[in-house]
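Q: Got a structure for you, entry_30.pdb, holding PDB, C-alpha atoms and all ligand atoms.
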MODEL        1
ATOM      1  CA  MET A   1     192.328-203.689 157.544  1.00  0.00           C
ATOM      2  CA  LYS A   2     190.989-202.691 154.147  1.00  0.00           C
ATOM      3  CA  ILE A   3     189.589-199.161 153.721  1.00  0.00           C
ATOM      4  CA  LYS A   4     186.643-198.907 151.364  1.00  0.00           C
ATOM      5  CA  ILE A   5     186.518-195.685 149.367  1.00  0.00           C
ATOM      6  CA  SER A   6     183.250-194.824 147.719  1.00  0.00           C
ATOM      7  CA  THR A   7     183.626-193.543 144.162  1.00  0.00           C
ATOM      8  CA  LYS A   8     180.109-192.065 144.156  1.00  0.00           C
ATOM      9  CA  PRO A   9     181.072-188.500 145.206  1.00  0.00           C
ATOM     10  CA  ILE A  10     183.784-188.409 142.530  1.00  0.00           C
ATOM     11  CA  TYR A  11     181.314-189.675 139.942  1.00  0.00           C
ATOM     12  CA  TYR A  12     178.638-187.092 140.814  1.00  0.00           C
ATOM     13  CA  SER A  13     181.009-184.138 141.092  1.00  0.00           C
ATOM     14  CA  SER A  14     182.560-185.039 137.708  1.00  0.00           C
ATOM     15  CA  LEU A  15     179.070-185.111 136.256  1.00  0.00           C
ATOM     16  CA  ILE A  16     178.323-181.621 137.621  1.00  0.00           C
ATOM     17  CA  VAL A  17     181.632-180.254 136.335  1.00  0.00           C
ATOM     18  CA  LEU A  18     180.917-181.729 132.888  1.00  0.00           C
ATOM     19  CA  LEU A  19     177.411-180.238 132.897  1.00  0.00           C
ATOM     20  CA  LEU A  20     178.721-176.767 133.820  1.00  0.00           C
ATOM     21  CA  LEU A  21     181.406-177.038 131.159  1.00  0.00           C
ATOM     22  CA  GLY A  22     178.793-178.000 128.553  1.00  0.00           C
ATOM     23  CA  LEU A  23     176.547-175.084 129.502  1.00  0.00           C
ATOM     24  CA  THR A  24     179.476-172.654 129.403  1.00  0.00           C
ATOM     25  CA  ILE A  25     180.439-173.835 125.896  1.00  0.00           C
ATOM     26  CA  HIS A  26     176.784-173.579 124.770  1.00  0.00           C
ATOM     27  CA  THR A  27     176.473-170.008 126.112  1.00  0.00           C
ATOM     28  CA  THR A  28     179.748-169.008 124.433  1.00  0.00           C
ATOM     29  CA  ILE A  29     178.415-170.250 121.088  1.00  0.00           C
ATOM     30  CA  VAL A  30     174.841-168.922 121.370  1.00  0.00           C
ATOM     31  CA  LEU A  31     175.440-165.484 122.927  1.00  0.00           C
ATOM     32  CA  PRO A  32     177.267-163.805 120.001  1.00  0.00           C
ATOM     33  CA  GLN A  33     174.385-164.823 117.687  1.00  0.00           C
ATOM     34  CA  ARG A  34     171.960-162.784 119.795  1.00  0.00           C
ATOM     35  CA  ASP A  35     174.183-159.739 120.032  1.00  0.00           C
ATOM     36  CA  HIS A  36     173.623-158.112 116.679  1.00  0.00           C
ATOM     37  CA  LEU A  37     172.766-154.582 117.740  1.00  0.00           C
ATOM     38  CA  THR A  38     174.431-152.034 115.482  1.00  0.00           C
ATOM     39  CA  PRO A  39     174.987-148.324 116.269  1.00  0.00           C
ATOM     40  CA  GLN A  40     172.264-147.543 113.683  1.00  0.00           C
ATOM     41  CA  ILE A  41     169.688-149.730 115.476  1.00  0.00           C
ATOM     42  CA  ILE A  42     170.582-148.069 118.786  1.00  0.00           C
ATOM     43  CA  LYS A  43     170.197-144.636 117.176  1.00  0.00           C
ATOM     44  CA  GLY A  44     166.803-145.722 115.775  1.00  0.00           C
ATOM     45  CA  LYS A  45     165.664-146.607 119.284  1.00  0.00           C
ATOM     46  CA  MET A  46     166.721-143.105 120.421  1.00  0.00           C
ATOM     47  CA  VAL A  47     164.679-141.512 117.595  1.00  0.00           C
ATOM     48  CA  TRP A  48     161.751-143.716 118.645  1.00  0.00           C
ATOM     49  CA  GLU A  49     162.046-142.488 122.246  1.00  0.00           C
ATOM     50  CA  GLU A  50     162.692-138.809 121.461  1.00  0.00           C
ATOM     51  CA  HIS A  51     159.503-138.569 119.395  1.00  0.00           C
ATOM     52  CA  ASN A  52     157.388-140.621 121.773  1.00  0.00           C
ATOM     53  CA  CYS A  53     156.062-143.018 119.112  1.00  0.00           C
ATOM     54  CA  ILE A  54     154.920-145.237 122.010  1.00  0.00           C
ATOM     55  CA  GLY A  55     152.534-142.436 123.050  1.00  0.00           C
ATOM     56  CA  CYS A  56     150.225-143.574 120.225  1.00  0.00           C
ATOM     57  CA  HIS A  57     151.621-146.926 119.046  1.00  0.00           C
ATOM     58  CA  THR A  58     152.374-150.290 120.640  1.00  0.00           C
ATOM     59  CA  LEU A  59     155.688-152.098 120.302  1.00  0.00           C
ATOM     60  CA  LEU A  60     155.531-155.861 120.987  1.00  0.00           C
ATOM     61  CA  GLY A  61     152.030-155.276 122.336  1.00  0.00           C
ATOM     62  CA  GLU A  62     153.072-152.631 124.893  1.00  0.00           C
ATOM     63  CA  GLY A  63     152.250-148.942 124.627  1.00  0.00           C
ATOM     64  CA  ALA A  64     149.228-146.899 123.602  1.00  0.00           C
ATOM     65  CA  TYR A  65     146.333-148.320 121.620  1.00  0.00           C
ATOM     66  CA  PHE A  66     145.591-145.237 119.492  1.00  0.00           C
ATOM     67  CA  ALA A  67     147.656-146.385 116.507  1.00  0.00           C
ATOM     68  CA  PRO A  68     148.828-149.704 114.993  1.00  0.00           C
ATOM     69  CA  GLU A  69     151.429-152.119 116.393  1.00  0.00           C
ATOM     70  CA  LEU A  70     154.826-151.245 114.934  1.00  0.00           C
ATOM     71  CA  SER A  71     157.208-154.048 115.976  1.00  0.00           C
ATOM     72  CA  ASN A  72     156.102-155.979 112.881  1.00  0.00           C
ATOM     73  CA  VAL A  73     155.361-153.070 110.527  1.00  0.00           C
ATOM     74  CA  TYR A  74     158.631-153.571 108.611  1.00  0.00           C
ATOM     75  CA  GLU A  75     157.695-157.169 107.695  1.00  0.00           C
ATOM     76  CA  ARG A  76     153.965-156.434 107.427  1.00  0.00           C
ATOM     77  CA  ARG A  77     154.672-153.797 104.775  1.00  0.00           C
ATOM     78  CA  GLY A  78     156.922-156.001 102.642  1.00  0.00           C
ATOM     79  CA  GLY A  79     160.325-156.187 104.391  1.00  0.00           C
ATOM     80  CA  SER A  80     163.354-155.320 102.256  1.00  0.00           C
ATOM     81  CA  GLN A  81     161.093-155.171  99.175  1.00  0.00           C
ATOM     82  CA  GLY A  82     158.552-152.774 100.685  1.00  0.00           C
ATOM     83  CA  GLY A  83     158.878-152.052 104.419  1.00  0.00           C
ATOM     84  CA  ILE A  84     161.889-149.776 103.940  1.00  0.00           C
ATOM     85  CA  TYR A  85     160.112-147.612 101.379  1.00  0.00           C
ATOM     86  CA  PHE A  86     156.719-147.698 103.060  1.00  0.00           C
ATOM     87  CA  ILE A  87     157.937-146.500 106.488  1.00  0.00           C
ATOM     88  CA  LYS A  88     160.001-143.697 104.957  1.00  0.00           C
ATOM     89  CA  ALA A  89     157.198-142.516 102.652  1.00  0.00           C
ATOM     90  CA  TRP A  90     154.661-142.769 105.465  1.00  0.00           C
ATOM     91  CA  LEU A  91     156.664-140.637 107.888  1.00  0.00           C
ATOM     92  CA  LYS A  92     157.303-138.021 105.198  1.00  0.00           C
ATOM     93  CA  ALA A  93     153.634-137.871 104.128  1.00  0.00           C
ATOM     94  CA  MET A  94     152.139-137.261 107.584  1.00  0.00           C
ATOM     95  CA  PRO A  95     149.672-135.826 108.433  1.00  0.00           C
ATOM     96  CA  THR A  96     147.334-136.928 105.650  1.00  0.00           C
ATOM     97  CA  ASN A  97     144.546-134.581 106.794  1.00  0.00           C
ATOM     98  CA  ILE A  98     142.005-137.069 105.469  1.00  0.00           C
ATOM     99  CA  PRO A  99     138.744-136.141 107.215  1.00  0.00           C
ATOM    100  CA  GLY A 100     137.543-138.712 109.742  1.00  0.00           C
ATOM    101  CA  ARG A 101     140.874-140.551 109.813  1.00  0.00           C
ATOM    102  CA  ARG A 102     143.142-140.554 112.866  1.00  0.00           C
ATOM    103  CA  GLN A 103     146.193-138.426 112.262  1.00  0.00           C
ATOM    104  CA  MET A 104     149.892-138.762 112.930  1.00  0.00           C
ATOM    105  CA  PRO A 105     152.161-135.702 113.344  1.00  0.00           C
ATOM    106  CA  GLN A 106     154.962-134.668 110.971  1.00  0.00           C
ATOM    107  CA  PHE A 107     158.268-135.215 112.769  1.00  0.00           C
ATOM    108  CA  ASN A 108     160.567-133.661 110.126  1.00  0.00           C
ATOM    109  CA  LEU A 109     163.132-136.452 110.525  1.00  0.00           C
ATOM    110  CA  THR A 110     166.425-136.294 108.651  1.00  0.00           C
ATOM    111  CA  GLU A 111     167.349-139.048 106.159  1.00  0.00           C
ATOM    112  CA  ASP A 112     169.807-140.345 108.759  1.00  0.00           C
ATOM    113  CA  GLU A 113     167.131-140.493 111.477  1.00  0.00           C
ATOM    114  CA  LEU A 114     164.663-142.179 109.107  1.00  0.00           C
ATOM    115  CA  ASN A 115     167.201-144.854 108.158  1.00  0.00           C
ATOM    116  CA  ALA A 116     168.015-145.447 111.827  1.00  0.00           C
ATOM    117  CA  LEU A 117     164.322-145.746 112.700  1.00  0.00           C
ATOM    118  CA  ILE A 118     163.836-148.258 109.872  1.00  0.00           C
ATOM    119  CA  ALA A 119     166.876-150.249 111.067  1.00  0.00           C
ATOM    120  CA  PHE A 120     165.331-150.337 114.557  1.00  0.00           C
ATOM    121  CA  LEU A 121     161.905-151.443 113.236  1.00  0.00           C
ATOM    122  CA  LYS A 122     163.587-154.083 111.036  1.00  0.00           C
ATOM    123  CA  TRP A 123     165.368-155.371 114.136  1.00  0.00           C
ATOM    124  CA  THR A 124     162.117-155.506 116.170  1.00  0.00           C
ATOM    125  CA  SER A 125     160.422-157.380 113.307  1.00  0.00           C
ATOM    126  CA  GLU A 126     163.097-160.095 113.571  1.00  0.00           C
ATOM    127  CA  ILE A 127     162.408-160.834 117.256  1.00  0.00           C
ATOM    128  CA  ASN A 128     160.663-164.193 117.602  1.00  0.00           C
ATOM    129  CA  THR A 129     157.524-163.230 119.516  1.00  0.00           C
ATOM    130  CA  PHE A 130     155.734-166.532 118.863  1.00  0.00           C
ATOM    131  CA  SER A 131     153.029-164.572 116.981  1.00  0.00           C
ATOM    132  CA  TRP A 132     152.546-161.961 119.716  1.00  0.00           C
ATOM    133  CA  PRO A 133     150.521-159.759 119.613  1.00  0.00           C
ATOM    134  CA  PRO A 134     147.715-162.077 118.458  1.00  0.00           C
ATOM    135  CA  SER A 135     146.278-159.405 116.194  1.00  0.00           C
ATOM    136  CA  GLU A 136     148.882-158.340 113.596  1.00  0.00           C
ATOM    137  CA  LYS A 137     148.123-154.627 113.899  1.00  0.00           C
ATOM    138  CA  GLY A 138     147.883-154.773 117.693  1.00  0.00           C
TER     139      GLY A 138
HETATM  140  C1  LIG B 201     149.880-138.609 117.930  1.00  0.00           C
HETATM  141  C2  LIG B 201     149.885-140.036 117.687  1.00  0.00           C
HETATM  142  C3  LIG B 201     151.007-140.651 116.920  1.00  0.00           C
HETATM  143  C4  LIG B 201     152.365-140.581 117.172  1.00  0.00           C
HETATM  144  C5  LIG B 201     153.067-139.818 118.290  1.00  0.00           C
HETATM  145  C6  LIG B 201     153.004-141.409 116.188  1.00  0.00           C
HETATM  146  N1  LIG B 201     152.078-141.979 115.372  1.00  0.00           N
HETATM  147 FE1  LIG B 201     152.424-143.288 113.831  1.00  0.00          FE
HETATM  148  N2  LIG B 201     150.439-143.414 113.465  1.00  0.00           N
HETATM  149  C7  LIG B 201     149.448-142.740 114.164  1.00  0.00           C
HETATM  150  C8  LIG B 201     148.148-143.109 113.614  1.00  0.00           C
HETATM  151  C9  LIG B 201     146.803-142.615 114.114  1.00  0.00           C
HETATM  152  C10 LIG B 201     148.385-144.019 112.561  1.00  0.00           C
HETATM  153  C11 LIG B 201     147.349-144.684 111.651  1.00  0.00           C
HETATM  154  C12 LIG B 201     146.861-143.633 110.706  1.00  0.00           C
HETATM  155  C13 LIG B 201     146.027-144.162 109.578  1.00  0.00           C
HETATM  156  O1  LIG B 201     145.762-145.365 109.521  1.00  0.00           O
HETATM  157  O2  LIG B 201     145.685-143.357 108.708  1.00  0.00           O
HETATM  158  C14 LIG B 201     149.838-144.188 112.500  1.00  0.00           C
HETATM  159  C15 LIG B 201     150.483-145.029 111.595  1.00  0.00           C
HETATM  160  C16 LIG B 201     151.846-145.243 111.552  1.00  0.00           C
HETATM  161  C17 LIG B 201     152.517-146.136 110.619  1.00  0.00           C
HETATM  162  C18 LIG B 201     151.839-147.051 109.617  1.00  0.00           C
HETATM  163  C19 LIG B 201     151.340-148.270 110.371  1.00  0.00           C
HETATM  164  C20 LIG B 201     150.803-149.394 109.530  1.00  0.00           C
HETATM  165  O3  LIG B 201     150.278-150.329 110.135  1.00  0.00           O
HETATM  166  O4  LIG B 201     150.909-149.353 108.325  1.00  0.00           O
HETATM  167  C21 LIG B 201     153.855-146.051 110.871  1.00  0.00           C
HETATM  168  C22 LIG B 201     154.982-146.810 110.186  1.00  0.00           C
HETATM  169  C23 LIG B 201     154.019-145.106 111.950  1.00  0.00           C
HETATM  170  N3  LIG B 201     152.787-144.635 112.334  1.00  0.00           N
HETATM  171  C24 LIG B 201     155.248-144.785 112.519  1.00  0.00           C
HETATM  172  C25 LIG B 201     155.393-143.908 113.600  1.00  0.00           C
HETATM  173  C26 LIG B 201     156.671-143.597 114.196  1.00  0.00           C
HETATM  174  C27 LIG B 201     157.992-144.203 113.781  1.00  0.00           C
HETATM  175  C28 LIG B 201     156.429-142.683 115.187  1.00  0.00           C
HETATM  176  C29 LIG B 201     157.444-141.965 116.022  1.00  0.00           C
HETATM  177  C30 LIG B 201     158.518-141.288 115.318  1.00  0.00           C
HETATM  178  C31 LIG B 201     155.001-142.447 115.223  1.00  0.00           C
HETATM  179  N4  LIG B 201     154.407-143.221 114.260  1.00  0.00           N
HETATM  180  C32 LIG B 201     154.374-141.602 116.116  1.00  0.00           C
HETATM  181  C33 LIG B 201     149.639-141.889 115.225  1.00  0.00           C
HETATM  182  C34 LIG B 201     150.843-141.536 115.782  1.00  0.00           C
ENDMDL
END
Could I get this structure in the form of structure tokens?

A:
Amino acid sequence: MKIKISTKPIYYSSLIVLLLLGLTIHTTIVLPQRDHLTPQIIKGKMVWEEHNCIGCHTLLGEGAYFAPELSNVYERRGGSQGGIYFIKAWLKAMPTNIPGRRQMPQFNLTEDELNALIAFLKWTSEINTFSWPPSEKG
């Protein structure tokens, strides 16, 4: 008597194993590209939290609507040609005391804290948000 063995289960399980292997290789390649947080960016996020910037501003559309969106401010103000200098000068110049204009406090940040904050805002400006929020300044 001849025993018939179906090759279908072997075929399908090999296919699944190949698929899982492919996905594992893809993840191994793609994951390190996403992980580019530096200690300075992490410090910048701490400065952001300690001074409650989100209490007035939005970041990626979330936060308070008193002041402009800041996730894109680095790019919006000229990136490496302008954003760096603008953010630093802005934080040092506050408050402007211009009558009738909303004011921002003076935080007396150190050079180190300012650079970290800028590194954090540069990092947020590089996140692909697919043009979110719809209005540039939030
Ligand atoms: C009490 C509210 C308040 C807090 C807290 C605050 N800001 Fe502001 N910020 C403002 C206001 C209001 C403006 C807009 C002022 C204007 O247009 O004259 C502003 C503007 C800015 C701008 C310029 C935005 C642009 O579109 O050009 C930057 C950069 C900025 N803030 C950074 C920060 C950072 C960083 C923090 C935290 C360390 C912070 N702000 C905390 C109120 C605040």

Q: Can you tell me which residues come within 8 Å of ligand LIG 201 (chain B) when counting only C-alpha atoms and all ligand atoms, ideally as a PyMOL selection string?

A: chain A and resi 47-57+66-70+73-74+76-77+86-88+90-91+96+98+101-105+107+117+137

Q: Just C-alpha atoms for this one: save the residues we selected as a compact mmCIF listing (two decimals), keeping the file's coordinate frame.

A:
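Saved result, out.txt, follows:
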# COMPACT_ATOMS: atom_id res chain seq x y z
CA VAL A 47 164.68 -141.51 117.60
CA TRP A 48 161.75 -143.72 118.64
CA GLU A 49 162.05 -142.49 122.25
CA GLU A 50 162.69 -138.81 121.46
CA HIS A 51 159.50 -138.57 119.40
CA ASN A 52 157.39 -140.62 121.77
CA CYS A 53 156.06 -143.02 119.11
CA ILE A 54 154.92 -145.24 122.01
CA GLY A 55 152.53 -142.44 123.05
CA CYS A 56 150.22 -143.57 120.22
CA HIS A 57 151.62 -146.93 119.05
CA PHE A 66 145.59 -145.24 119.49
CA ALA A 67 147.66 -146.38 116.51
CA PRO A 68 148.83 -149.70 114.99
CA GLU A 69 151.43 -152.12 116.39
CA LEU A 70 154.83 -151.24 114.93
CA VAL A 73 155.36 -153.07 110.53
CA TYR A 74 158.63 -153.57 108.61
CA ARG A 76 153.96 -156.43 107.43
CA ARG A 77 154.67 -153.80 104.78
CA PHE A 86 156.72 -147.70 103.06
CA ILE A 87 157.94 -146.50 106.49
CA LYS A 88 160.00 -143.70 104.96
CA TRP A 90 154.66 -142.77 105.46
CA LEU A 91 156.66 -140.64 107.89
CA THR A 96 147.33 -136.93 105.65
CA ILE A 98 142.00 -137.07 105.47
CA ARG A 101 140.87 -140.55 109.81
CA ARG A 102 143.14 -140.55 112.87
CA GLN A 103 146.19 -138.43 112.26
CA MET A 104 149.89 -138.76 112.93
CA PRO A 105 152.16 -135.70 113.34
CA PHE A 107 158.27 -135.22 112.77
CA LEU A 117 164.32 -145.75 112.70
CA LYS A 137 148.12 -154.63 113.90

Q: Any chance you could work out the residue set of the PyMOL selection byres (((chain A and resi 118) around 9) and not hetatm) here, as a VMD selection string?

A: chain A and resid 41 44 74 83 to 84 87 to 88 113 to 117 119 to 123

Q: Export, as a compact mmCIF listing (two decimals), in the frame of the given file, the selected residues with C-alpha atoms.

A:
# COMPACT_ATOMS: atom_id res chain seq x y z
CA ILE A 41 169.69 -149.73 115.48
CA GLY A 44 166.80 -145.72 115.78
CA TYR A 74 158.63 -153.57 108.61
CA GLY A 83 158.88 -152.05 104.42
CA ILE A 84 161.89 -149.78 103.94
CA ILE A 87 157.94 -146.50 106.49
CA LYS A 88 160.00 -143.70 104.96
CA GLU A 113 167.13 -140.49 111.48
CA LEU A 114 164.66 -142.18 109.11
CA ASN A 115 167.20 -144.85 108.16
CA ALA A 116 168.02 -145.45 111.83
CA LEU A 117 164.32 -145.75 112.70
CA ALA A 119 166.88 -150.25 111.07
CA PHE A 120 165.33 -150.34 114.56
CA LEU A 121 161.90 -151.44 113.24
CA LYS A 122 163.59 -154.08 111.04
CA TRP A 123 165.37 -155.37 114.14

Q: To one decimal in Å, tell me the separation between atom CA of Thr27 of chain A and atom CA of Trp132 of chain A.

A: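 That distance, rounded to one decimal, is 26.0 Å.
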
Q: Compile the contact shell of Pro133 of chain A as a VMD selection string: residues with an atom at most 8 Å away, counting only C-alpha atoms, same-chain residues fewer than 4 positions apart removed.

A: chain A and resid 60 to 61 129 138

Q: Return as AutoDock Vina command-line options the centre and edge lengths, in Å with one decimal, of the box along x, y and z that encloses every atom of segment 97-116 of chain A in the file, padded by 8 Å per side.

A:
--center_x 153.7 --center_y -139.6 --center_z 109.4 --size_x 48.3 --size_y 27.8 --size_z 23.9

Q: Atom CA of Leu59 of chain A and atom CA of Thr124 of chain A, how far apart in Å?

A: 8.4 Å

Q: One decimal, in Å: what's the spacing between atom CA of Asn108 of chain A and atom CA of Met94 of chain A?

A: 9.5 Å

Q: Of the candidates A:Ser125, A:Gln40, A:Gln106, A:Ser6, which one gets nearest to Ser71 of chain A if we count only C-alpha atoms?

A: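 Using only C-alpha atoms, the shortest distance to Ser71 of chain A belongs to A:Ser125.
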